[in-house]
>>> print(open('input-v5.pdb').read())   # PDB, C-alpha atoms
ATOM      1  CA  MET V1279     -94.711 -27.818-165.857
ATOM      2  CA  LYS V1280     -97.024 -24.937-165.301
ATOM      3  CA  THR V1281    -100.586 -25.308-164.263
ATOM      4  CA  PRO V1282    -103.111 -23.105-166.100
ATOM      5  CA  PHE V1283    -103.881 -21.379-162.812
ATOM      6  CA  ALA V1284    -100.304 -20.317-162.187
ATOM      7  CA  ASP V1285    -100.064 -19.150-165.757
ATOM      8  CA  ARG V1286    -103.054 -16.857-165.348
ATOM      9  CA  ARG V1287    -101.647 -15.402-162.162
ATOM     10  CA  ASP V1288     -98.379 -14.644-163.873
ATOM     11  CA  ARG V1289    -100.127 -12.631-166.545
ATOM     12  CA  MET V1290    -102.185 -10.718-164.043
ATOM     13  CA  GLU V1291     -99.135  -9.664-162.113
ATOM     14  CA  LEU V1292     -97.490  -8.591-165.317
ATOM     15  CA  SER V1293    -100.319  -6.268-166.295
ATOM     16  CA  MET V1294    -100.567  -4.721-162.851
ATOM     17  CA  THR V1295     -97.825  -2.098-163.157
ATOM     18  CA  PRO V1296     -99.094  -0.298-166.277
ATOM     19  CA  MET V1297    -102.572  -0.310-164.802
ATOM     20  CA  ILE V1298    -101.320   1.378-161.658
ATOM     21  CA  ASP V1299     -99.449   3.847-163.856
ATOM     22  CA  VAL V1300    -102.591   4.741-165.722
ATOM     23  CA  VAL V1301    -104.717   4.920-162.591
ATOM     24  CA  PHE V1302    -102.165   7.150-160.976
ATOM     25  CA  LEU V1303    -102.077   9.375-164.024
ATOM     26  CA  LEU V1304    -105.845   9.683-164.037
ATOM     27  CA  LEU V1305    -105.864  10.438-160.330
ATOM     28  CA  VAL V1306    -103.321  13.199-160.726
ATOM     29  CA  PHE V1307    -105.181  14.570-163.713
ATOM     30  CA  PHE V1308    -108.513  14.791-161.941
ATOM     31  CA  VAL V1309    -107.081  16.179-158.730
ATOM     32  CA  TRP V1310    -105.340  18.904-160.685
ATOM     33  CA  THR V1311    -108.244  19.864-162.847
ATOM     34  CA  SER V1312    -110.838  19.901-160.115
ATOM     35  CA  SER V1313    -110.904  23.135-158.216
ATOM     36  CA  PHE V1314    -111.771  23.159-154.577
ATOM     37  CA  GLU V1315    -112.971  26.724-154.665
ATOM     38  CA  ILE V1316    -116.587  27.573-154.078
ATOM     39  CA  PRO V1317    -117.762  29.114-157.319
ATOM     40  CA  GLU V1318    -118.335  32.837-157.301
ATOM     41  CA  PHE V1319    -120.814  34.763-159.357
ATOM     42  CA  ASP V1320    -121.304  38.357-160.320
ATOM     43  CA  LEU V1321    -124.212  40.419-159.161
ATOM     44  CA  PRO V1322    -124.371  43.267-161.637
ATOM     45  CA  SER V1323    -124.519  46.488-159.751
ATOM     46  CA  ALA V1324    -125.296  49.665-159.143
ATOM     47  CA  ILE V1325    -123.700  52.528-160.875
ATOM     48  CA  ALA V1326    -125.194  52.172-164.305
ATOM     49  CA  GLN V1327    -126.518  55.690-163.944
ATOM     50  CA  PRO V1328    -124.615  58.945-163.962
ATOM     51  CA  PRO V1329    -123.722  59.891-160.438
ATOM     52  CA  ASP V1330    -125.424  63.300-160.368
ATOM     53  CA  GLY V1331    -128.935  61.983-160.061
ATOM     54  CA  ARG V1332    -128.076  59.055-157.876
ATOM     55  CA  SER V1333    -126.218  60.865-155.207
ATOM     56  CA  GLU V1334    -128.892  63.381-154.384
ATOM     57  CA  ILE V1335    -131.519  60.894-153.459
ATOM     58  CA  GLN V1336    -130.335  60.893-149.898
ATOM     59  CA  SER V1337    -132.147  64.060-148.910
ATOM     60  CA  GLU V1338    -135.231  62.971-147.055
ATOM     61  CA  ALA V1339    -137.182  66.174-147.590
ATOM     62  CA  GLU V1340    -137.515  65.325-151.254
ATOM     63  CA  SER V1341    -141.108  64.805-152.329
ATOM     64  CA  VAL V1342    -141.066  61.537-154.175
ATOM     65  CA  GLU V1343    -143.679  60.798-156.779
ATOM     66  CA  PRO V1344    -145.411  57.522-155.939
ATOM     67  CA  PHE V1345    -143.667  55.416-158.545
ATOM     68  CA  ASP V1346    -140.989  57.767-159.675
ATOM     69  CA  GLU V1347    -138.320  55.843-157.934
ATOM     70  CA  ILE V1348    -138.444  53.573-154.950
ATOM     71  CA  VAL V1349    -136.017  54.343-152.186
ATOM     72  CA  VAL V1350    -135.323  51.585-149.720
ATOM     73  CA  ARG V1351    -133.311  52.710-146.749
ATOM     74  CA  LEU V1352    -131.420  50.235-144.634
ATOM     75  CA  MET V1353    -130.346  51.083-141.135
ATOM     76  CA  ILE V1354    -129.214  49.521-137.916
ATOM     77  CA  ARG V1355    -131.373  50.109-134.852
ATOM     78  CA  ASP V1356    -130.337  48.393-131.627
ATOM     79  CA  ALA V1357    -128.045  46.064-133.532
ATOM     80  CA  THR V1358    -130.882  44.795-135.721
ATOM     81  CA  PRO V1359    -130.938  45.657-139.380
ATOM     82  CA  MET V1360    -134.115  47.471-140.400
ATOM     83  CA  ILE V1361    -135.652  48.153-143.794
ATOM     84  CA  GLU V1362    -137.454  51.425-144.341
ATOM     85  CA  PHE V1363    -139.551  51.486-147.449
ATOM     86  CA  ASN V1364    -141.640  54.490-148.391
ATOM     87  CA  GLY V1365    -141.302  55.962-144.918
ATOM     88  CA  GLU V1366    -142.451  52.830-143.118
ATOM     89  CA  PHE V1367    -140.521  50.020-141.552
ATOM     90  CA  VAL V1368    -140.840  46.682-143.265
ATOM     91  CA  ALA V1369    -140.671  43.521-141.194
ATOM     92  CA  ASP V1370    -138.195  41.587-143.293
ATOM     93  CA  VAL V1371    -136.798  41.033-146.728
ATOM     94  CA  ARG V1372    -139.609  38.740-147.793
ATOM     95  CA  VAL V1373    -142.256  41.394-147.137
ATOM     96  CA  LEU V1374    -140.232  43.903-149.102
ATOM     97  CA  LYS V1375    -139.942  41.443-151.962
ATOM     98  CA  SER V1376    -143.676  40.815-152.158
ATOM     99  CA  THR V1377    -144.372  44.549-151.963
ATOM    100  CA  LEU V1378    -141.992  45.183-154.833
ATOM    101  CA  GLN V1379    -143.531  42.324-156.767
ATOM    102  CA  ALA V1380    -146.959  43.876-156.288
ATOM    103  CA  ILE V1381    -145.672  47.214-157.559
ATOM    104  CA  ILE V1382    -144.013  45.688-160.580
ATOM    105  CA  ALA V1383    -147.140  43.645-161.303
ATOM    106  CA  ILE V1384    -148.973  46.925-161.993
ATOM    107  CA  GLY V1385    -146.719  47.302-164.969
ATOM    108  CA  VAL V1386    -144.435  50.091-163.838
ATOM    109  CA  GLN V1387    -140.717  49.658-163.690
ATOM    110  CA  PRO V1388    -139.354  52.291-161.341
ATOM    111  CA  PRO V1389    -135.689  52.212-160.408
ATOM    112  CA  VAL V1390    -135.209  50.788-156.950
ATOM    113  CA  ILE V1391    -132.583  52.601-154.973
ATOM    114  CA  ILE V1392    -131.033  50.869-152.012
ATOM    115  CA  ASP V1393    -129.616  53.344-149.551
ATOM    116  CA  PRO V1394    -127.801  51.549-146.751
ATOM    117  CA  ASP V1395    -126.617  53.489-143.751
ATOM    118  CA  ASP V1396    -122.928  53.485-142.959
ATOM    119  CA  GLU V1397    -123.075  50.707-140.426
ATOM    120  CA  VAL V1398    -125.109  48.252-142.471
ATOM    121  CA  THR V1399    -123.082  45.204-143.448
ATOM    122  CA  MET V1400    -122.649  44.182-147.045
ATOM    123  CA  ASN V1401    -124.328  40.864-146.277
ATOM    124  CA  PHE V1402    -127.559  42.636-145.505
ATOM    125  CA  ALA V1403    -127.231  45.214-148.268
ATOM    126  CA  VAL V1404    -126.645  42.510-150.857
ATOM    127  CA  LYS V1405    -129.537  40.469-149.468
ATOM    128  CA  VAL V1406    -131.948  43.353-149.986
ATOM    129  CA  TYR V1407    -130.426  44.138-153.362
ATOM    130  CA  ASP V1408    -130.880  40.535-154.374
ATOM    131  CA  ALA V1409    -134.476  40.505-153.145
ATOM    132  CA  ALA V1410    -135.247  43.565-155.252
ATOM    133  CA  ARG V1411    -133.742  41.927-158.319
ATOM    134  CA  ALA V1412    -135.561  38.697-157.586
ATOM    135  CA  ALA V1413    -138.824  40.664-157.364
ATOM    136  CA  GLY V1414    -138.278  41.577-161.003
ATOM    137  CA  ALA V1415    -136.937  45.111-160.755
ATOM    138  CA  ASP V1416    -134.879  46.039-163.804
ATOM    139  CA  ARG V1417    -132.812  48.720-162.263
ATOM    140  CA  VAL V1418    -131.634  48.318-158.723
ATOM    141  CA  LEU V1419    -129.056  50.824-157.619
ATOM    142  CA  PHE V1420    -126.986  51.494-154.573
ATOM    143  CA  ALA V1421    -127.020  55.057-153.335
ATOM    144  CA  ALA V1422    -123.734  56.742-152.573
ATOM    145  CA  ASP V1423    -123.185  60.094-150.926
ATOM    146  CA  SER V1424    -121.626  62.564-153.283
ATOM    147  CA  VAL V1425    -119.252  63.790-150.606
ATOM    148  CA  PRO V1426    -117.539  61.472-148.153
TER     149      PRO V1426
ATOM    150  CA  MET Q 706     -91.051   4.031-178.451
ATOM    151  CA  THR Q 707     -93.735   3.418-175.837
ATOM    152  CA  PRO Q 708     -91.910   5.041-172.891
ATOM    153  CA  MET Q 709     -91.187   8.077-175.009
ATOM    154  CA  ILE Q 710     -94.856   8.426-175.916
ATOM    155  CA  ASP Q 711     -95.704   8.021-172.231
ATOM    156  CA  VAL Q 712     -93.401  10.838-171.268
ATOM    157  CA  VAL Q 713     -94.614  13.087-174.073
ATOM    158  CA  PHE Q 714     -98.183  12.445-173.059
ATOM    159  CA  LEU Q 715     -97.347  13.289-169.460
ATOM    160  CA  LEU Q 716     -95.703  16.544-170.518
ATOM    161  CA  ILE Q 717     -98.683  17.518-172.654
ATOM    162  CA  ILE Q 718    -101.040  16.969-169.741
ATOM    163  CA  PHE Q 719     -98.719  18.824-167.391
ATOM    164  CA  PHE Q 720     -98.551  21.908-169.581
ATOM    165  CA  LEU Q 721    -102.251  21.890-170.352
ATOM    166  CA  VAL Q 722    -103.164  21.696-166.699
ATOM    167  CA  SER Q 723    -100.599  24.198-165.531
ATOM    168  CA  SER Q 724    -101.711  26.725-168.132
ATOM    169  CA  HIS Q 725    -105.280  26.172-167.003
ATOM    170  CA  LEU Q 726    -104.279  26.776-163.408
ATOM    171  CA  ALA Q 727    -102.350  29.887-164.332
ATOM    172  CA  ARG Q 728    -105.476  31.354-165.850
ATOM    173  CA  GLN Q 729    -107.425  30.894-162.658
ATOM    174  CA  GLU Q 730    -107.481  34.049-160.687
ATOM    175  CA  ASN Q 731    -105.478  34.032-157.514
ATOM    176  CA  HIS Q 732    -107.740  35.580-155.017
ATOM    177  CA  LEU Q 733    -108.006  36.406-151.431
ATOM    178  CA  PRO Q 734    -110.136  33.981-149.475
ATOM    179  CA  LEU Q 735    -113.153  36.034-148.430
ATOM    180  CA  ASP Q 736    -116.553  35.262-147.049
ATOM    181  CA  LEU Q 737    -118.679  36.795-149.775
ATOM    182  CA  PRO Q 738    -122.330  37.754-149.392
ATOM    183  CA  VAL Q 739    -124.860  35.308-150.781
ATOM    184  CA  ALA Q 740    -127.441  36.058-153.429
ATOM    185  CA  SER Q 741    -129.764  34.157-155.716
ATOM    186  CA  SER Q 742    -130.291  36.483-158.675
ATOM    187  CA  PHE Q 743    -126.765  36.605-160.020
ATOM    188  CA  ASP Q 744    -125.811  36.576-163.658
ATOM    189  CA  PRO Q 745    -123.676  33.907-165.253
ATOM    190  CA  VAL Q 746    -120.041  34.936-165.353
ATOM    191  CA  ASN Q 747    -118.997  36.276-168.708
ATOM    192  CA  PRO Q 748    -115.515  34.902-169.409
ATOM    193  CA  GLU Q 749    -114.909  37.502-172.118
ATOM    194  CA  LYS Q 750    -114.984  40.298-169.605
ATOM    195  CA  ALA Q 751    -111.838  41.009-167.642
ATOM    196  CA  PRO Q 752    -112.924  43.282-164.814
ATOM    197  CA  LEU Q 753    -110.583  44.853-162.342
ATOM    198  CA  THR Q 754    -111.115  43.007-159.097
ATOM    199  CA  ILE Q 755    -111.234  45.089-155.968
ATOM    200  CA  SER Q 756    -111.214  43.226-152.677
ATOM    201  CA  VAL Q 757    -112.333  44.546-149.342
ATOM    202  CA  ASP Q 758    -111.015  42.347-146.579
ATOM    203  CA  THR Q 759    -112.073  41.758-142.980
ATOM    204  CA  LYS Q 760    -110.084  44.746-141.794
ATOM    205  CA  ALA Q 761    -111.984  46.888-144.329
ATOM    206  CA  GLN Q 762    -108.847  47.491-146.353
ATOM    207  CA  ILE Q 763    -109.283  47.976-150.058
ATOM    208  CA  LEU Q 764    -106.943  45.732-151.986
ATOM    209  CA  ILE Q 765    -106.211  45.890-155.679
ATOM    210  CA  ALA Q 766    -103.814  43.300-157.056
ATOM    211  CA  GLY Q 767    -102.646  42.547-153.542
ATOM    212  CA  ASN Q 768    -101.786  46.132-152.659
ATOM    213  CA  VAL Q 769    -103.645  48.104-150.065
ATOM    214  CA  VAL Q 770    -105.136  51.194-151.663
ATOM    215  CA  ALA Q 771    -106.420  54.244-149.852
ATOM    216  CA  ASP Q 772    -109.793  55.741-150.747
ATOM    217  CA  SER Q 773    -108.026  58.728-152.249
ATOM    218  CA  GLY Q 774    -106.003  56.526-154.574
ATOM    219  CA  LEU Q 775    -109.040  54.977-156.206
ATOM    220  CA  SER Q 776    -109.723  57.778-158.656
ATOM    221  CA  LEU Q 777    -106.225  57.445-160.128
ATOM    222  CA  ILE Q 778    -106.658  53.720-160.521
ATOM    223  CA  PHE Q 779    -110.015  54.129-162.220
ATOM    224  CA  ALA Q 780    -108.612  56.811-164.520
ATOM    225  CA  ASP Q 781    -105.819  54.423-165.466
ATOM    226  CA  LEU Q 782    -108.329  51.621-165.994
ATOM    227  CA  LEU Q 783    -110.358  53.819-168.325
ATOM    228  CA  ASP Q 784    -107.197  54.743-170.226
ATOM    229  CA  ARG Q 785    -106.279  51.139-170.734
ATOM    230  CA  THR Q 786    -109.642  49.577-171.480
ATOM    231  CA  GLY Q 787    -111.836  52.454-172.588
ATOM    232  CA  GLU Q 788    -115.451  51.444-173.013
ATOM    233  CA  ASP Q 789    -114.912  47.982-171.585
ATOM    234  CA  ALA Q 790    -113.788  49.256-168.226
ATOM    235  CA  ALA Q 791    -115.372  47.088-165.587
ATOM    236  CA  ILE Q 792    -114.823  46.492-161.936
ATOM    237  CA  ARG Q 793    -115.762  43.648-159.698
ATOM    238  CA  ILE Q 794    -116.024  44.155-155.990
ATOM    239  CA  ARG Q 795    -115.226  41.217-153.778
ATOM    240  CA  CYS Q 796    -116.071  42.206-150.275
ATOM    241  CA  GLU Q 797    -116.196  40.408-147.002
ATOM    242  CA  GLY Q 798    -119.855  40.049-146.050
ATOM    243  CA  ASN Q 799    -119.375  41.521-142.614
ATOM    244  CA  VAL Q 800    -117.803  44.714-143.855
ATOM    245  CA  GLN Q 801    -119.947  47.797-143.392
ATOM    246  CA  TYR Q 802    -121.369  49.589-146.383
ATOM    247  CA  ARG Q 803    -119.401  52.737-145.661
ATOM    248  CA  PHE Q 804    -116.182  50.982-146.667
ATOM    249  CA  VAL Q 805    -117.606  49.877-149.988
ATOM    250  CA  GLU Q 806    -119.449  53.105-150.734
ATOM    251  CA  PRO Q 807    -116.270  55.025-151.698
ATOM    252  CA  ILE Q 808    -115.460  52.407-154.326
ATOM    253  CA  LEU Q 809    -118.902  52.736-155.905
ATOM    254  CA  ARG Q 810    -118.775  56.507-155.701
ATOM    255  CA  GLU Q 811    -115.297  56.855-157.181
ATOM    256  CA  ALA Q 812    -116.145  54.420-159.941
ATOM    257  CA  ALA Q 813    -119.280  56.366-160.837
ATOM    258  CA  LEU Q 814    -117.458  59.685-160.721
ATOM    259  CA  SER Q 815    -114.619  58.370-162.878
ATOM    260  CA  GLY Q 816    -117.060  56.992-165.418
ATOM    261  CA  VAL Q 817    -116.616  53.270-164.847
ATOM    262  CA  THR Q 818    -120.222  52.229-165.261
ATOM    263  CA  ASP Q 819    -119.847  48.483-165.257
ATOM    264  CA  ALA Q 820    -119.571  47.320-161.677
ATOM    265  CA  ALA Q 821    -120.392  43.961-160.229
ATOM    266  CA  ILE Q 822    -120.418  42.566-156.751
ATOM    267  CA  ALA Q 823    -119.041  39.078-156.324
ATOM    268  CA  VAL Q 824    -121.424  36.775-154.520
ATOM    269  CA  ARG Q 825    -121.779  33.140-153.634
ATOM    270  CA  GLU Q 826    -124.770  31.102-154.552
ATOM    271  CA  GLU Q 827    -127.397  30.949-151.864
ATOM    272  CA  PRO Q 828    -127.259  27.487-150.320
ATOM    273  CA  ALA Q 829    -130.409  25.555-151.072
ATOM    274  CA  LEU Q 830    -132.495  25.011-147.988
TER     275      LEU Q 830
END
>>> encode(input="input-v5.pdb", output="structure tokens")
Amino acid sequence: MKTPFADRRDRMELSMTPMIDVVFLLLVFFVWTSSFEIPEFDLPSAIAQPPDGRSEIQSEAESVEPFDEIVVRLMIRDATPMIEFNGEFVADVRVLKSTLQAIIAIGVQPPVIIDPDDEVTMNFAVKVYDAARAAGADRVLFAADSVP
Amino acid sequence: MTPMIDVVFLLIIFFLVSSHLARQENHLPLDLPVASSFDPVNPEKAPLTISVDTKAQILIAGNVVADSGLSLIFADLLDRTGEDAAIRIRCEGNVQYRFVEPILREAALSGVTDAAIAVREEPAL
């Protein structure tokens, strides 16, 4: 004669296997569908303009109209990355960003041209590029020499 | 009946998931620059991904490409995709700009105007 307790235990053990099956299936499903990659995003760049105009900006002797286009030069001095904006050195990216914000607040929308020197790392170049975009500049461009 | 349905269900899930995985781009693990003003990824666009690895080699589809070979590749890209030609540059953050500059220059000269730089989201502080 079975006690009610034993009866209940019997049923529980019976239903265990399908439950494990389903749990296992769900586990496999979620492990497969989840991706362990850090998501990547696209920073739209740089060469939306024909190359003729862009590539000549390098020459420093050029007399630049105040808000014709803003050239930000990046360089490495004594292993520290430096930002040169409008002929003057800027302390860091935040200062550059607020300066650009102030310019854009006037209501002009000049193209901002980022001209990194050869040795500048992409980390820094992209940081400045990002700051310029975050300041609200519509067109931020990377400068490239026309001849290697 | 039930075991058959189980197996069929399992197969459906398997093929769904494996097709999903196949669509994911196989890419080189790189330490990308970080940025905060990125655009959402447009899944309709299928840009040509160009990687620049730690040794400053330019890789396209797993093959090392010399600077001089880029113009041919861009010409071919324009032939195949026409107006929609787009490139996406995945570069190691520590690589110097001079290794990436040729890619931008060749793309501009070839007429590929849609270029993007792959970035990671800036970690919240």
>>> closest_atom_pairs(input="input-v5.pdb", of="chain V", to="chain Q", cutoff="7 Å", atoms="only C-alpha atoms", output="tab-separated table")
residue	atom	partner	partner_atom	distance
V:Trp1310	CA	Q:Val722	CA	7.0
V:Thr1311	CA	Q:Val722	CA	6.6
V:Pro1317	CA	Q:Arg825	CA	6.8
V:Glu1318	CA	Q:Arg825	CA	5.0
V:Phe1319	CA	Q:Val824	CA	5.3
V:Asp1320	CA	Q:Ala823	CA	4.6
V:Leu1321	CA	Q:Phe743	CA	4.7
V:Pro1322	CA	Q:Ala821	CA	4.3
V:Ser1323	CA	Q:Ala821	CA	4.9
V:Ala1324	CA	Q:Ala820	CA	6.7
V:Ile1325	CA	Q:Thr818	CA	5.6
V:Ala1326	CA	Q:Thr818	CA	5.1
V:Pro1328	CA	Q:Ala813	CA	6.7
V:Pro1329	CA	Q:Ala813	CA	5.7
V:Pro1394	CA	Q:Tyr802	CA	6.7
V:Asp1396	CA	Q:Arg803	CA	4.5
V:Glu1397	CA	Q:Gln801	CA	5.2
V:Val1398	CA	Q:Gln801	CA	5.3
V:Thr1399	CA	Q:Gln801	CA	4.1
V:Met1400	CA	Q:Gly798	CA	5.1
V:Asn1401	CA	Q:Gly798	CA	4.6
V:Val1404	CA	Q:Pro738	CA	6.6
V:Lys1405	CA	Q:Ala740	CA	6.3
V:Asp1408	CA	Q:Ala740	CA	5.7
V:Arg1411	CA	Q:Ser742	CA	6.5
V:Ala1412	CA	Q:Ser742	CA	5.8
V:Ala1422	CA	Q:Arg810	CA	5.9
>>> atom_distance(input="input-v5.pdb", atom1="CA of Gly1365 in chain V", atom2="CA of Ile1348 in chain V")
10.7 Å
>>> atom_distance(input="input-v5.pdb", atom1="CA of Ser724 in chain Q", atom2="CA of Leu1304 in chain V")
18.0 Å
>>> closest_residue(input="input-v5.pdb", among="V:Ala1383, V:Leu1305, V:Val1373, V:Ile1392", to="Gly1414 in chain V", atoms="all atoms listed in the file")
V:Ala1383
>>> residues_around(input="input-v5.pdb", residues="Arg1355 in chain V", least_positions_apart="4", cutoff="12 Å", atoms="only C-alpha atoms", output="PyMOL selection string")
chain V and resi 1359-1362+1367+1395+1397-1398
>>> atom_distance(input="input-v5.pdb", atom1="CA of Ser1312 in chain V", atom2="CA of Pro828 in chain Q")
20.6 Å
>>> resolve_selection(input="input-v5.pdb", expression="the PyMOL selection byres ((chain Q and resi 756) around 7)", output="PyMOL selection string")
chain Q and resi 754-755+757-758+763-765+794-796
>>> resolve_selection(input="input-v5.pdb", expression="the PyMOL selection byres ((chain V and resi 1382) around 12)", output="JSON, numbers by chain")
{"V": [1345, 1347, 1348, 1375, 1376, 1377, 1378, 1379, 1380, 1381, 1383, 1384, 1385, 1386, 1387, 1388, 1389, 1390, 1410, 1411, 1412, 1413, 1414, 1415, 1416, 1417]}
>>> write_last_selection(input="input-v5.pdb", atoms="C-alpha atoms", output="mmCIF file, in the coordinates of the input")
data_model
loop_
_atom_site.group_PDB
_atom_site.id
_atom_site.type_symbol
_atom_site.label_atom_id
_atom_site.label_comp_id
_atom_site.auth_asym_id
_atom_site.auth_seq_id
_atom_site.Cartn_x
_atom_site.Cartn_y
_atom_site.Cartn_z
ATOM 1 C CA PHE V 1345 -143.667 55.416 -158.545
ATOM 2 C CA GLU V 1347 -138.320 55.843 -157.934
ATOM 3 C CA ILE V 1348 -138.444 53.573 -154.950
ATOM 4 C CA LYS V 1375 -139.942 41.443 -151.962
ATOM 5 C CA SER V 1376 -143.676 40.815 -152.158
ATOM 6 C CA THR V 1377 -144.372 44.549 -151.963
ATOM 7 C CA LEU V 1378 -141.992 45.183 -154.833
ATOM 8 C CA GLN V 1379 -143.531 42.324 -156.767
ATOM 9 C CA ALA V 1380 -146.959 43.876 -156.288
ATOM 10 C CA ILE V 1381 -145.672 47.214 -157.559
ATOM 11 C CA ALA V 1383 -147.140 43.645 -161.303
ATOM 12 C CA ILE V 1384 -148.973 46.925 -161.993
ATOM 13 C CA GLY V 1385 -146.719 47.302 -164.969
ATOM 14 C CA VAL V 1386 -144.435 50.091 -163.838
ATOM 15 C CA GLN V 1387 -140.717 49.658 -163.690
ATOM 16 C CA PRO V 1388 -139.354 52.291 -161.341
ATOM 17 C CA PRO V 1389 -135.689 52.212 -160.408
ATOM 18 C CA VAL V 1390 -135.209 50.788 -156.950
ATOM 19 C CA ALA V 1410 -135.247 43.565 -155.252
ATOM 20 C CA ARG V 1411 -133.742 41.927 -158.319
ATOM 21 C CA ALA V 1412 -135.561 38.697 -157.586
ATOM 22 C CA ALA V 1413 -138.824 40.664 -157.364
ATOM 23 C CA GLY V 1414 -138.278 41.577 -161.003
ATOM 24 C CA ALA V 1415 -136.937 45.111 -160.755
ATOM 25 C CA ASP V 1416 -134.879 46.039 -163.804
ATOM 26 C CA ARG V 1417 -132.812 48.720 -162.263
#
